[in-house]
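Peer 1: What follows is structure-v2.cif, mmCIF, C-alpha atoms.
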```cif
data_query
#
loop_
_atom_site.label_atom_id
_atom_site.label_comp_id
_atom_site.auth_asym_id
_atom_site.auth_seq_id
_atom_site.Cartn_x
_atom_site.Cartn_y
_atom_site.Cartn_z
CA MET A 285 -16.55 46.79 79.75
CA GLY A 286 -14.40 43.81 78.76
CA ASP A 287 -10.75 43.93 77.84
CA ALA A 288 -10.96 44.72 74.16
CA GLY A 289 -7.51 43.53 73.12
CA ASN A 290 -6.86 42.96 69.44
CA GLY A 291 -8.51 39.93 67.92
CA ARG A 292 -10.72 39.38 70.92
CA ILE A 293 -14.36 38.47 70.46
CA TYR A 294 -17.15 39.35 72.84
CA VAL A 295 -20.78 38.38 72.53
CA LEU A 296 -23.52 40.81 73.59
CA ARG A 297 -26.97 39.28 74.03
CA LEU A 298 -29.88 41.71 73.65
CA GLY A 299 -33.56 41.51 74.50
CA HIS A 300 -33.44 38.65 76.98
CA ARG A 301 -36.77 37.99 78.70
CA PRO A 302 -35.97 35.88 81.76
CA GLU A 303 -38.96 33.55 81.74
CA ARG A 304 -39.19 33.00 78.05
CA ASP A 305 -35.56 33.01 76.96
CA LYS A 306 -33.54 31.54 79.79
CA ARG A 307 -32.69 28.34 77.95
CA VAL A 308 -32.03 29.97 74.59
CA THR A 309 -29.84 32.64 76.19
CA THR A 310 -27.98 29.96 78.13
CA HIS A 311 -27.33 28.23 74.81
CA VAL A 312 -26.04 31.53 73.38
CA ALA A 313 -23.64 31.86 76.32
CA LEU A 314 -22.45 28.25 76.06
CA VAL A 315 -21.88 28.60 72.32
CA ALA A 316 -19.92 31.79 72.94
CA ARG A 317 -17.64 29.86 75.30
CA ALA A 318 -17.37 26.63 73.29
CA PHE A 319 -16.74 28.46 70.00
CA GLY A 320 -13.92 30.59 71.35
CA ALA A 321 -15.39 33.93 72.38
CA HIS A 322 -13.57 35.79 75.15
CA GLY A 323 -16.56 37.36 76.80
CA PHE A 324 -20.31 37.16 77.21
CA ILE A 325 -22.42 40.17 78.15
CA LEU A 326 -26.13 39.97 78.90
CA ALA A 327 -27.89 43.28 78.31
CA ASP A 328 -30.60 44.83 80.49
CA VAL A 329 -30.97 42.12 83.12
CA CYS A 330 -28.84 39.92 85.34
CA ASP A 331 -30.56 36.57 84.96
CA GLU A 332 -28.82 34.42 87.54
CA HIS A 333 -30.09 31.23 85.90
CA VAL A 334 -28.14 32.09 82.76
CA MET A 335 -25.07 33.54 84.48
CA ASN A 336 -24.80 30.61 86.90
CA SER A 337 -25.14 28.07 84.09
CA ILE A 338 -22.20 29.53 82.23
CA ARG A 339 -20.19 29.87 85.46
CA ARG A 340 -20.81 26.20 86.30
CA VAL A 341 -19.64 25.12 82.84
CA LEU A 342 -16.52 27.30 83.11
CA ASP A 343 -15.75 25.79 86.48
CA ARG A 344 -16.12 22.18 85.34
CA TRP A 345 -15.09 22.29 81.68
CA GLY A 346 -12.51 25.05 81.94
CA GLY A 347 -11.79 28.23 80.09
CA ARG A 348 -11.80 31.84 81.11
CA MET A 349 -14.38 34.32 80.01
CA TYR A 350 -15.24 37.87 80.80
CA LEU A 351 -18.84 37.93 82.07
CA GLU A 352 -21.07 40.94 82.59
CA CYS A 353 -24.80 41.56 82.81
CA GLY A 354 -27.39 44.28 83.22
CA VAL A 355 -25.68 46.76 80.91
CA SER A 356 -27.45 49.05 78.45
CA GLY A 357 -27.03 47.38 75.05
CA SER A 358 -27.12 50.62 73.10
CA ARG A 359 -24.58 52.33 75.33
CA TYR A 360 -22.35 49.27 75.22
CA VAL A 361 -22.33 49.25 71.43
CA LYS A 362 -21.62 52.96 71.18
CA GLU A 363 -18.83 52.76 73.76
CA TRP A 364 -17.32 49.73 71.99
CA ARG A 365 -17.09 51.70 68.75
CA ARG A 366 -15.82 54.83 70.49
CA ARG A 367 -12.96 52.73 71.86
CA GLY A 368 -12.05 51.54 68.39
CA GLY A 369 -13.80 48.17 68.34
CA LEU A 370 -15.84 46.58 65.57
CA VAL A 371 -19.54 45.83 66.04
CA VAL A 372 -21.05 42.88 64.16
CA HIS A 373 -24.80 42.41 64.48
CA LEU A 374 -26.18 39.02 63.43
CA THR A 375 -29.51 39.36 61.62
CA MET A 376 -31.23 37.58 58.77
CA TYR A 377 -31.78 40.99 57.14
CA GLY A 378 -28.06 41.75 56.88
CA LEU A 379 -25.39 41.06 54.27
CA HIS A 380 -24.68 37.40 53.55
CA ILE A 381 -21.88 36.02 55.72
CA ASP A 382 -20.06 34.72 52.65
CA ASP A 383 -19.74 38.28 51.35
CA VAL A 384 -18.27 39.82 54.50
CA ILE A 385 -16.59 37.19 56.66
CA ASP A 386 -13.13 37.57 55.11
CA GLU A 387 -13.23 41.33 55.63
CA ILE A 388 -14.37 40.91 59.24
CA ARG A 389 -11.73 38.28 59.92
CA ALA A 390 -9.03 40.53 58.48
CA SER A 391 -9.89 43.38 60.82
CA PRO A 392 -7.48 43.60 63.75
CA LYS A 393 -10.12 45.33 65.85
CA PRO A 394 -11.70 43.64 68.85
CA LYS A 395 -15.13 42.43 67.83
CA LEU A 396 -18.44 42.71 69.59
CA VAL A 397 -20.93 40.21 68.18
CA VAL A 398 -24.46 41.37 68.90
CA VAL A 399 -27.14 38.71 69.11
CA GLY A 400 -30.76 39.74 69.53
CA ALA A 401 -33.94 37.99 70.49
CA GLU A 402 -37.09 39.12 68.67
CA LYS A 403 -37.45 42.74 67.55
CA VAL A 404 -34.05 44.32 67.81
CA PRO A 405 -34.33 48.14 67.88
CA ARG A 406 -33.34 49.91 64.67
CA LEU A 407 -30.45 51.64 66.44
CA PHE A 408 -28.43 48.42 66.41
CA TYR A 409 -28.83 48.03 62.66
CA GLU A 410 -27.58 51.58 62.26
CA GLU A 411 -24.74 51.49 64.77
CA ALA A 412 -23.30 48.12 63.68
CA ASP A 413 -20.28 48.17 61.41
CA TYR A 414 -21.67 45.00 59.88
CA ASN A 415 -25.13 43.48 59.87
CA VAL A 416 -24.43 39.87 58.97
CA ALA A 417 -26.94 37.27 57.83
CA ILE A 418 -26.28 33.58 58.41
CA GLY A 419 -28.52 32.97 55.45
CA HIS A 420 -31.65 35.04 54.94
CA GLN A 421 -34.10 32.60 56.49
CA PRO A 422 -35.58 32.80 59.98
CA HIS A 423 -33.88 30.31 62.29
CA SER A 424 -32.05 30.83 65.56
CA GLU A 425 -29.62 33.24 67.17
CA VAL A 426 -27.89 30.23 68.73
CA ALA A 427 -27.27 28.72 65.31
CA ALA A 428 -26.32 32.08 63.85
CA LEU A 429 -23.67 32.69 66.51
CA ALA A 430 -22.24 29.18 66.14
CA VAL A 431 -21.94 29.34 62.36
CA PHE A 432 -20.55 32.89 62.50
CA LEU A 433 -17.80 31.90 64.95
CA ASP A 434 -17.13 28.64 63.07
CA ARG A 435 -16.57 30.59 59.85
CA LEU A 436 -14.61 33.33 61.59
CA TYR A 437 -12.20 30.84 63.19
CA MET A 438 -12.34 28.52 60.17
CA GLY A 439 -13.25 25.50 62.26
CA LEU A 440 -10.22 25.71 64.53
CA GLU A 441 -12.44 26.59 67.50
CA LEU A 442 -13.79 23.03 67.60
CA HIS A 443 -10.30 21.89 68.56
CA LEU A 444 -9.71 24.33 71.41
CA SER A 445 -8.54 22.91 74.69
CA PHE A 446 -9.70 24.77 77.74
CA PRO A 447 -7.32 25.69 80.57
CA GLU A 448 -8.18 24.44 84.05
CA ALA A 449 -10.76 21.93 82.88
CA LYS A 450 -11.62 19.45 85.60
CA VAL A 451 -12.96 16.98 83.04
CA VAL A 452 -12.46 16.32 79.35
CA VAL A 453 -14.31 14.11 76.90
CA GLU A 454 -12.54 11.18 75.36
CA PRO A 455 -14.15 10.79 71.92
CA SER A 456 -16.12 7.60 71.67
CA ALA A 457 -17.80 5.78 68.76
CA HIS A 458 -20.71 4.44 70.82
CA GLY A 459 -20.59 5.60 74.40
CA LYS A 460 -19.75 8.37 76.85
CA LYS A 461 -16.27 8.74 78.24
CA VAL A 462 -15.33 11.58 80.52
CA VAL A 463 -11.87 11.71 82.03
CA LYS A 464 -10.96 13.61 85.19
CA ARG A 465 -7.97 15.87 84.95
CA GLY A 466 -5.33 16.85 87.44
CA MET B 223 -42.12 7.67 58.46
CA GLY B 224 -40.71 10.20 56.02
CA ASP B 225 -39.77 9.56 52.42
CA ALA B 226 -36.24 8.30 52.84
CA GLY B 227 -35.01 8.95 49.30
CA ASN B 228 -31.28 8.95 48.72
CA GLY B 229 -29.43 11.96 50.01
CA ARG B 230 -32.36 13.15 52.05
CA ILE B 231 -31.85 14.44 55.58
CA TYR B 232 -34.37 14.20 58.38
CA VAL B 233 -33.98 15.56 61.88
CA LEU B 234 -35.38 13.66 64.86
CA ARG B 235 -35.69 15.64 68.08
CA LEU B 236 -35.66 13.55 71.28
CA GLY B 237 -36.52 14.31 74.88
CA HIS B 238 -38.62 17.41 74.33
CA ARG B 239 -40.29 18.69 77.51
CA PRO B 240 -43.06 21.06 76.38
CA GLU B 241 -42.81 23.73 79.06
CA ARG B 242 -39.08 23.83 79.33
CA ASP B 243 -37.95 23.26 75.76
CA LYS B 244 -40.54 24.78 73.49
CA ARG B 245 -38.32 27.60 72.32
CA VAL B 246 -35.17 25.50 71.95
CA THR B 247 -37.05 22.78 70.05
CA THR B 248 -38.61 25.43 67.82
CA HIS B 249 -35.08 26.64 67.07
CA VAL B 250 -34.07 23.06 66.24
CA ALA B 251 -36.99 22.78 63.80
CA LEU B 252 -36.26 26.17 62.19
CA VAL B 253 -32.59 25.30 61.79
CA ALA B 254 -33.57 21.99 60.21
CA ARG B 255 -35.64 23.89 57.62
CA ALA B 256 -33.23 26.79 57.03
CA PHE B 257 -30.20 24.53 56.74
CA GLY B 258 -31.75 22.26 54.16
CA ALA B 259 -33.21 19.26 55.99
CA HIS B 260 -36.16 17.54 54.32
CA GLY B 261 -38.04 16.56 57.43
CA PHE B 262 -38.48 17.29 61.13
CA ILE B 263 -39.81 14.70 63.55
CA LEU B 264 -40.59 15.46 67.19
CA ALA B 265 -40.44 12.33 69.35
CA ASP B 266 -42.83 11.43 72.17
CA VAL B 267 -45.12 14.45 72.12
CA CYS B 268 -47.00 16.63 69.68
CA ASP B 269 -46.24 20.08 70.99
CA GLU B 270 -48.50 22.31 68.93
CA HIS B 271 -46.51 25.39 69.85
CA VAL B 272 -43.47 23.92 68.10
CA MET B 273 -45.31 22.34 65.18
CA ASN B 274 -47.34 25.47 64.49
CA SER B 275 -44.25 27.66 64.60
CA ILE B 276 -42.54 25.62 61.92
CA ARG B 277 -45.76 25.45 59.86
CA ARG B 278 -46.14 29.23 60.00
CA VAL B 279 -42.57 29.72 58.82
CA LEU B 280 -43.05 27.22 55.98
CA ASP B 281 -46.20 29.04 54.93
CA ARG B 282 -44.62 32.50 54.90
CA TRP B 283 -40.98 31.81 53.99
CA GLY B 284 -41.54 28.80 51.77
CA GLY B 285 -40.08 25.36 51.50
CA ARG B 286 -41.56 21.93 51.90
CA MET B 287 -40.83 19.68 54.81
CA TYR B 288 -42.05 16.39 56.07
CA LEU B 289 -43.38 16.94 59.61
CA GLU B 290 -44.29 14.32 62.17
CA CYS B 291 -44.66 14.19 65.94
CA GLY B 292 -45.44 11.89 68.83
CA VAL B 293 -43.41 8.95 67.50
CA SER B 294 -41.29 6.62 69.60
CA GLY B 295 -37.73 7.80 69.10
CA SER B 296 -36.18 4.39 69.64
CA ARG B 297 -38.57 2.64 67.24
CA TYR B 298 -38.04 5.37 64.66
CA VAL B 299 -34.28 4.92 64.77
CA LYS B 300 -34.49 1.14 64.53
CA GLU B 301 -36.97 1.31 61.65
CA TRP B 302 -34.81 3.89 59.84
CA ARG B 303 -31.85 1.53 59.97
CA ARG B 304 -33.93 -1.50 59.02
CA ARG B 305 -34.98 0.38 55.90
CA GLY B 306 -31.37 1.02 54.95
CA GLY B 307 -30.96 4.55 56.27
CA LEU B 308 -28.04 6.02 58.17
CA VAL B 309 -28.46 7.29 61.74
CA VAL B 310 -26.26 10.14 62.95
CA HIS B 311 -26.57 11.12 66.60
CA LEU B 312 -25.12 14.49 67.58
CA THR B 313 -23.44 14.35 70.97
CA MET B 314 -20.41 15.99 72.56
CA TYR B 315 -19.23 12.49 73.56
CA GLY B 316 -18.99 11.23 69.98
CA LEU B 317 -16.29 11.27 67.33
CA HIS B 318 -15.12 14.70 66.20
CA ILE B 319 -17.05 15.98 63.18
CA ASP B 320 -13.80 16.66 61.33
CA ASP B 321 -12.96 12.95 61.50
CA VAL B 322 -16.25 11.63 60.10
CA ILE B 323 -18.04 14.29 58.06
CA ASP B 324 -16.49 13.29 54.73
CA GLU B 325 -17.47 9.66 55.26
CA ILE B 326 -21.02 10.66 56.22
CA ARG B 327 -21.34 13.01 53.25
CA ALA B 328 -20.12 10.29 50.91
CA SER B 329 -22.82 7.85 52.04
CA PRO B 330 -25.73 7.69 49.58
CA LYS B 331 -28.07 6.57 52.35
CA PRO B 332 -30.85 8.82 53.63
CA LYS B 333 -29.73 10.30 56.90
CA LEU B 334 -31.58 10.66 60.17
CA VAL B 335 -29.90 13.25 62.37
CA VAL B 336 -30.83 12.63 66.00
CA VAL B 337 -30.74 15.62 68.33
CA GLY B 338 -31.34 15.09 72.02
CA ALA B 339 -32.12 17.34 74.93
CA GLU B 340 -30.49 16.41 78.25
CA LYS B 341 -29.84 12.74 79.10
CA VAL B 342 -30.25 10.80 75.89
CA PRO B 343 -30.81 7.07 76.65
CA ARG B 344 -27.82 4.82 75.97
CA LEU B 345 -29.75 2.97 73.26
CA PHE B 346 -29.30 5.89 70.86
CA TYR B 347 -25.53 5.88 71.34
CA GLU B 348 -25.57 2.17 70.54
CA GLU B 349 -28.00 2.21 67.62
CA ALA B 350 -26.47 5.22 65.83
CA ASP B 351 -24.16 4.51 62.90
CA TYR B 352 -22.28 7.62 63.94
CA ASN B 353 -22.14 9.52 67.19
CA VAL B 354 -20.78 12.88 66.09
CA ALA B 355 -19.36 15.64 68.30
CA ILE B 356 -19.47 19.26 67.17
CA GLY B 357 -16.50 19.77 69.42
CA HIS B 358 -16.30 18.06 72.80
CA GLN B 359 -17.57 20.96 74.87
CA PRO B 360 -21.08 21.38 76.25
CA HIS B 361 -23.03 23.88 74.20
CA SER B 362 -26.32 23.54 72.34
CA GLU B 363 -28.18 21.07 70.17
CA VAL B 364 -29.33 24.01 68.05
CA ALA B 365 -25.73 25.00 67.35
CA ALA B 366 -24.68 21.38 66.86
CA LEU B 367 -27.36 20.79 64.23
CA ALA B 368 -26.53 24.03 62.39
CA VAL B 369 -22.81 23.36 62.24
CA PHE B 370 -23.36 19.72 61.29
CA LEU B 371 -25.62 20.65 58.35
CA ASP B 372 -23.34 23.54 57.36
CA ARG B 373 -20.38 21.16 57.15
CA LEU B 374 -22.43 18.43 55.47
CA TYR B 375 -23.65 20.78 52.73
CA MET B 376 -20.37 22.71 52.67
CA GLY B 377 -22.07 26.05 53.16
CA LEU B 378 -24.32 25.75 50.09
CA GLU B 379 -27.39 25.51 52.32
CA LEU B 380 -27.07 29.20 53.22
CA HIS B 381 -27.84 30.02 49.59
CA LEU B 382 -30.97 27.89 49.23
CA SER B 383 -34.02 29.52 47.79
CA PHE B 384 -37.31 28.21 49.07
CA PRO B 385 -40.20 27.36 46.74
CA GLU B 386 -43.49 29.12 47.33
CA ALA B 387 -42.06 31.77 49.62
CA LYS B 388 -44.47 34.66 50.09
CA VAL B 389 -41.64 36.94 51.20
CA VAL B 390 -37.89 37.08 50.73
CA VAL B 391 -35.20 39.19 52.36
CA GLU B 392 -33.28 41.67 50.30
CA PRO B 393 -29.85 41.84 51.95
CA SER B 394 -29.21 45.19 53.52
CA ALA B 395 -26.15 46.82 55.06
CA HIS B 396 -28.06 48.77 57.72
CA GLY B 397 -31.77 48.05 57.63
CA LYS B 398 -34.52 45.50 57.07
CA LYS B 399 -35.90 44.89 53.61
CA VAL B 400 -38.50 42.22 52.97
CA VAL B 401 -39.96 41.86 49.50
CA LYS B 402 -43.31 40.26 48.72
CA ARG B 403 -43.32 37.63 46.06
CA GLY B 404 -45.85 36.51 43.54
#
```
If you convert what's in this file into structure tokens, what do you get?

Peer 2:
Amino acid sequence: MGDAGNGRIYVLRLGHRPERDKRVTTHVALVARAFGAHGFILADVCDEHVMNSIRRVLDRWGGRMYLECGVSGSRYVKEWRRRGGLVVHLTMYGLHIDDVIDEIRASPKPKLVVVGAEKVPRLFYEEADYNVAIGHQPHSEVAALAVFLDRLYMGLELHLSFPEAKVVVEPSAHGKKVVKRG
Amino acid sequence: MGDAGNGRIYVLRLGHRPERDKRVTTHVALVARAFGAHGFILADVCDEHVMNSIRRVLDRWGGRMYLECGVSGSRYVKEWRRRGGLVVHLTMYGLHIDDVIDEIRASPKPKLVVVGAEKVPRLFYEEADYNVAIGHQPHSEVAALAVFLDRLYMGLELHLSFPEAKVVVEPSAHGKKVVKRG
């Protein structure tokens, strides 16, 4: 289980089916990193495609992240709460983000953001401290995670610089510029 | 080509590879709908898996959207500009969203938001009025589109109600409530 220091954010991905979801779950992991989460945990399976993709990005683009896979999602959530952490489950059936984000942000507890694929077991709805809807329309867990973290960090996460990056982008109006570091 | 009325937003998805990307592209289409875009255009191919997924969601959850597929992305972009529209290409190599979003929002032109998969041809970087980075880290076109539209609409899009919805969610702290309409 990750280091649940105060203010830290971990993302737990549930229900990953390796063949079907490998790209979507990779996007979830990359969003977790790019939007400032401190850890990414893949429940049930260790899909090396996903885990290696995030490791490669960490190596090249920098940042440090706690990574884990193959855990039981339900046990992880229960243990997180037992240790005093907050569990936030993203679901279109939950409370609107605008009604709860300030309260969640104000909590000093370490936060576990739970992101499902299809058909999340009822237990997670019950165990979560917050079930949060990024709007009440069906869309995407990748989008939901990004908007949740963007609101939580109030946009500051898009200005993070990542330690030990080998390359950084130099913003460009009409091209691609990547600069080597070190 | 979609009805490019003032203030309207269309999303053009490039580089879709049916086997590999069907779920990610479906997420792009669902985000386009849920976050208030008026049209979704899939370049190069007509992947019925993707198009049927978005049609099913429109049928059940409501909303109207212009849908098109199999177009040439480069011709579409050129024609959009020729007709007086604005082209916004989302890419981690572009200008930071915080530096350009107000200018883009202020433009009365209809906007075509171009969302690539891997390796977008240089032409799109050159033809776009704006190349916009949702941060300069690698993550996800699904996340990029969601955050772009969220910033463009200043969060109002998460409160849209969709005409002709057969079902709507009733927000719930710890369960799932869906109410039939009509």

Peer 1: Report the closest atom pair, with its distance in Å rounded to one decimal, for each residue of chain B that has an atom no farther than 6 Å from chain A; count only C-alpha atoms, sort by chain and then rising residue number, and write it as a Markdown table.

Peer 2:
```
| residue | atom | partner | partner_atom | distance |
| --- | --- | --- | --- | --- |
| B:His249 | CA | A:Ser424 | CA | 5.4 |
| B:Leu252 | CA | A:His423 | CA | 4.8 |
| B:Val253 | CA | A:His423 | CA | 5.2 |
| B:Ala256 | CA | A:Gln421 | CA | 5.9 |
| B:Tyr315 | CA | A:Lys460 | CA | 5.3 |
| B:Gly316 | CA | A:Ser456 | CA | 4.9 |
| B:Leu317 | CA | A:Pro455 | CA | 5.1 |
| B:Tyr347 | CA | A:His458 | CA | 5.1 |
| B:Glu348 | CA | A:His458 | CA | 5.4 |
| B:Asn353 | CA | A:Ala457 | CA | 5.9 |
| B:Gly357 | CA | A:Leu442 | CA | 4.6 |
| B:Gln359 | CA | A:Ala318 | CA | 5.9 |
| B:His361 | CA | A:Leu314 | CA | 4.8 |
| B:Ser362 | CA | A:His311 | CA | 5.4 |
| B:Val364 | CA | A:Ala427 | CA | 5.8 |
| B:Ala365 | CA | A:Ala427 | CA | 4.5 |
| B:Ala368 | CA | A:Ala427 | CA | 5.6 |
| B:Leu380 | CA | A:Gly419 | CA | 4.6 |
| B:Pro393 | CA | A:Leu379 | CA | 5.1 |
| B:Ser394 | CA | A:Gly378 | CA | 4.9 |
| B:Ala395 | CA | A:Gly378 | CA | 5.7 |
| B:His396 | CA | A:Tyr409 | CA | 5.1 |
| B:Gly397 | CA | A:Tyr409 | CA | 5.8 |
| B:Lys398 | CA | A:Tyr377 | CA | 5.3 |
```

Peer 1: Of the candidates A:His322, A:Val334, A:Val463, A:Pro405, which shows the shortest atom-to-atom distance to Cys353 (chain A), using only C-alpha atoms?

Peer 2: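 So, comparing all the options, the nearest one is A:Val334.
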
Peer 1: Just to confirm, what's the straight-line distance from CA of Arg297 (chain B) to CA of Gly229 (chain B) in Å (one decimal)?

Peer 2: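 Between CA of Arg297 (chain B) and CA of Gly229 (chain B) the gap is 21.6 Å.
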
Peer 1: Using all atoms listed in the file for the distances, tell me which of A:Glu448, A:Tyr437, A:Lys362, A:Tyr294 is nearest to Asp386 (chain A).

Peer 2: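 Once distances to Asp386 (chain A) are computed over all atoms listed in the file, the minimum belongs to A:Tyr437.
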
Peer 1: May I ask for the distance between CA of Val342 (chain B) and CA of Val233 (chain B), given in Å to one decimal place?

Peer 2: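 Distance between the two atoms: 15.3 Å.
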
Peer 1: Figure out the distance between CA of Met287 (chain B) and CA of Gly404 (chain B), please, to one decimal in Å.

Peer 2: 20.9 Å

Peer 1: Using only C-alpha atoms, which of B:Arg305, B:His271, B:Arg230, B:Arg286 sits nearest Lys333 (chain B)?

Peer 2: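 Of the candidates, the smallest distance to Lys333 (chain B) is held by B:Arg230.
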
Peer 1: Between B:Ser275, B:Cys268, B:Leu371, B:His238, which is the closest to Arg327 (chain B) once you count only C-alpha atoms?

Peer 2: B:Leu371

Peer 1: Could you check which of A:Pro394, A:Gly354, A:Gly400, A:Gly347 is closest to Leu374 (chain A), using only C-alpha atoms?

Peer 2: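 The closest residue to Leu374 (chain A) is A:Gly400.
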
Peer 1: Pick the closest to Arg301 (chain A) from A:Arg366, A:Glu352, A:Glu402, A:Arg339: which is it, counting all atoms listed in the file?

Peer 2: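 Answer, going by the shortest atom-to-atom distance: A:Glu402.
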
Peer 1: Might you spell out which residues the PyMOL selection byres ((chain A and resi 355) around 10) would select in the displayed file, as a PDB file with C-alpha atoms, keeping the file's coordinate frame?

Peer 2:
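Done, and the output landed in out.pdb:
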```pdb
ATOM      1  CA  MET A 285     -16.550  46.790  79.750  1.00  0.00           C
ATOM      2  CA  LEU A 296     -23.520  40.810  73.590  1.00  0.00           C
ATOM      3  CA  LEU A 298     -29.880  41.710  73.650  1.00  0.00           C
ATOM      4  CA  ILE A 325     -22.420  40.170  78.150  1.00  0.00           C
ATOM      5  CA  LEU A 326     -26.130  39.970  78.900  1.00  0.00           C
ATOM      6  CA  ALA A 327     -27.890  43.280  78.310  1.00  0.00           C
ATOM      7  CA  ASP A 328     -30.600  44.830  80.490  1.00  0.00           C
ATOM      8  CA  VAL A 329     -30.970  42.120  83.120  1.00  0.00           C
ATOM      9  CA  CYS A 330     -28.840  39.920  85.340  1.00  0.00           C
ATOM     10  CA  GLU A 352     -21.070  40.940  82.590  1.00  0.00           C
ATOM     11  CA  CYS A 353     -24.800  41.560  82.810  1.00  0.00           C
ATOM     12  CA  GLY A 354     -27.390  44.280  83.220  1.00  0.00           C
ATOM     13  CA  SER A 356     -27.450  49.050  78.450  1.00  0.00           C
ATOM     14  CA  GLY A 357     -27.030  47.380  75.050  1.00  0.00           C
ATOM     15  CA  SER A 358     -27.120  50.620  73.100  1.00  0.00           C
ATOM     16  CA  ARG A 359     -24.580  52.330  75.330  1.00  0.00           C
ATOM     17  CA  TYR A 360     -22.350  49.270  75.220  1.00  0.00           C
TER      18      TYR A 360
END
```
